[in-house]
Amino acid sequence: MSSHPETKLQVSVFDTKVYDREYLSGNPDSREIDWKFHDFRLSADTAPTVAGSTAVCLFVNDKGDRECLEILKECGVRMVALRCAGFNNVDLDAAAELGLSVVRVPAYSPHAVAEHAVALLLTLNRKIHRSFNRVRELNFSLNGLVGFDVVSRTIGVIGTGKIGRIAAQIFRGFGSRVLAYDVYPDHEWANSAGIEYVDFDSILSQSDILSLHIPLMNETFHLINNTTIKKLKKGAYIINTSRGRLIDTTALITELKSGHIGGVALDVYEEEEGVFFEDLSGKVLMDDELSLLINFPNVLITSHQAFLTHEALQEIARVTVTNLIRGDRGETFLDGTVLTDCTRSSPGNNSRPS
Ligand code: NAD
């Protein structure tokens, strides 16, 4: 493979941060790629910046709607590589009609997300975030820092897919009673892991801690709402590392104020777009509900960082770089990554701009 700059595959990468650039360009096969890293997002407005690239690489908040994809196509793009699992931000029907191949990274590190959920629970319960700040101020008092033994609590895991079952197993490792709920329960796994499947109402009413690991869909939008939140035990903790819109924020704030909910740890938030991943220090936060949540002593928020481990970033880069190169050569994409495959249906896809 030649490393001459003219023969390299040109890829425009949108919404990049330092770690995206580091891991994508650090992948050994990326010497075949000429990366054009942008910190702005892709939309119909920014799409013309792809001129000269035959592929684009997107993240969760880039907007690949029909209008945008048409501009990409006109500019000579043939492939869209999502460096995430979700693909709700790309119009796949339009992509297929336009002959654009779309690929994604279906799983990078379920351990990364599960471990972050556990880290959130332990931090929130033992108030590590508060004691860290106190000690830095030379305040060595323990008042207000009383937690509980996790072993003595019942933990409910909603969604026992790749991430949920790892989280459930770690929780079992504490010796806690672990309940699970999933529309497709795997009883064999549950039996071997010492975990008990129950129905939705039972997991709400019996759990001291509820951890959410389901995708956002029409059926799961506001799963935790005004009605369901009241079915939780008084003082229950909620951990959400899945998607913000699983929880109705207004209902959550009401029940935090009433004391019905004892603590909340969120890695995702309903209105996180344009806030999470950004450095807004020195600016006024315009989201009143988020401002309120940040100020509750029993709420812990991280900025959608559960996936952010070395292993996950390496895997995202590996799958993305491999697929970009394979797509450029007209070869088969990696198993399970394809959303639309137009590499073989349009001859000449493999040529690069001169
Ligand atoms: P998965 O597809 O492996 O598992 C999802 C599970 O949810 C499946 O077992 C499915 O049967 C179950 N499910 C679907 N609808 C349900 C419903 N209505 N009620 C009960 N169970 C239902 O997914 P995963 O890889 O484990 O990911 C879980 C979530 O984690 C996803 O929403 C994903 O977006 C989120 N996630 C977050 C981050 C982050 O950085 N915070 C990173 C990756 C994934």
# chains A, B, ... in the order shown; residues from 1 in each chain; ligands from 1
$ residues_around --residues "Ile247 of chain A" --least-positions-apart "3" --cutoff "7 Å" --atoms "only C-alpha atoms" --output "MDAnalysis selection string"
chainID A and resid 222:225 244
$ residues_near_ligand --ligand "ligand 1" --cutoff "9 Å" --atoms "only C-alpha atoms and all ligand atoms" --output "PyMOL selection string"
chain A and resi 84-86+106-110+112-114+116-117+158-166+181-186+200+212-221+223+240-243+246+266-268+303-308
$ residues_around --residues "Ile239 of chain A" --least-positions-apart "4" --cutoff "8 Å" --atoms "only C-alpha atoms" --output "MDAnalysis selection string"
chainID A and resid 117 120:121 209:212 264:266
$ select_by_dssp --residues "segment 277-353 of chain A" --states "strand (DSSP E)" --output "PyMOL selection string"
chain A and resi 299-301+338-340
$ residues_around --residues "segment 315-321 of chain A" --least-positions-apart "3" --cutoff "10 Å" --atoms "only C-alpha atoms" --output "compact mmCIF listing (two decimals) with C-alpha atoms, in the first residue's frame"
# COMPACT_ATOMS: atom_id res chain seq x y z
CA ASP A 20 -10.87 11.32 18.80
CA ARG A 21 -7.93 12.74 16.86
CA GLU A 22 -5.41 10.94 19.03
CA TYR A 23 -7.00 7.49 18.74
CA LEU A 24 -8.05 7.67 15.07
CA SER A 25 -4.70 8.94 13.84
CA GLY A 26 -2.88 6.65 16.30
CA ASN A 27 -4.36 3.52 14.74
CA PRO A 28 -1.58 1.75 12.81
CA ASP A 29 -3.65 1.44 9.61
CA SER A 30 -4.53 5.10 9.63
CA ARG A 31 -1.34 5.85 7.66
CA GLU A 32 -3.51 5.02 4.63
CA ILE A 33 -5.87 7.85 5.54
CA CYS A 57 -16.78 10.09 10.02
CA ALA A 81 -18.66 5.89 9.10
CA LEU A 82 -20.34 6.46 12.46
CA ARG A 83 -17.87 6.19 15.32
CA CYS A 84 -20.67 5.21 17.73
CA ALA A 85 -23.35 2.54 18.06
CA VAL A 103 -21.35 1.74 8.91
CA ARG A 104 -21.16 2.03 12.69
CA VAL A 105 -19.35 0.59 15.71
CA PRO A 106 -22.05 -1.61 17.28
CA ALA A 107 -20.15 -2.43 20.50
CA TYR A 108 -16.87 -1.01 21.73
CA SER A 109 -16.58 -1.76 25.42
CA THR A 309 -11.83 4.33 28.25
CA HIS A 310 -8.59 3.56 26.44
CA GLU A 311 -9.94 0.17 25.34
CA ALA A 312 -13.21 1.59 24.00
CA LEU A 324 -13.06 3.05 5.94
CA ILE A 325 -10.22 1.20 4.22
CA ARG A 326 -12.38 -1.80 3.30
CA GLY A 327 -15.12 0.46 1.94
CA PHE A 333 -17.18 -4.49 5.93
CA LEU A 334 -16.62 -5.94 9.39
CA THR A 337 -21.23 -2.92 11.41
$ atom_distance --atom1 "atom CA of Gly194 of chain A" --atom2 "atom CA of Thr123 of chain A"
25.1 Å
$ residues_around --residues "Leu124 of chain A" --least-positions-apart "3" --cutoff "12 Å" --atoms "only C-alpha atoms" --output "number ranges by chain"
A: 116-121, 127-131, 145-148, 150, 209, 237-239, 262-266, 296-302
$ residues_around --residues "segment 258-260 of chain A" --least-positions-apart "2" --cutoff "6 Å" --atoms "only C-alpha atoms" --output "compact mmCIF listing (two decimals) with C-alpha atoms, in the first residue's frame"
# COMPACT_ATOMS: atom_id res chain seq x y z
CA LYS A 234 -38.87 5.71 49.25
CA GLY A 235 -35.23 6.78 49.24
CA GLU A 255 -39.44 13.45 43.55
CA LEU A 256 -35.95 14.60 44.57
$ select_by_dssp --residues "segment 146-252 of chain A" --states "alpha helix (DSSP H)" --output "VMD selection string"
chain A and resid 162 to 173 187 to 193 200 to 206 249 to 252
$ atom_distance --atom1 "atom CA of Phe140 of chain A" --atom2 "atom CA of Arg126 of chain A"
15.0 Å
$ atom_distance --atom1 "atom CA of Ala236 of chain A" --atom2 "atom CA of Asp201 of chain A"
14.3 Å
$ closest_residue --among "A:Gln206, A:Thr228, A:Asn323, A:Gln314" --to "Val56 of chain A" --atoms "only C-alpha atoms"
A:Asn323
$ closest_residue --among "A:Thr343, A:Ser192, A:Arg136, A:Ile203" --to "Val157 of chain A" --atoms "only C-alpha atoms"
A:Ile203
$ residues_around --residues "Asp91 of chain A" --least-positions-apart "3" --cutoff "12 Å" --atoms "only C-alpha atoms" --output "MDAnalysis selection string"
chainID A and resid 62:70 80 87:88 94:98 100:102 339:340
$ closest_residue --among "A:Phe132, A:Leu142, A:Phe277, A:Gly99" --to "Val77 of chain A" --atoms "only C-alpha atoms"
A:Gly99
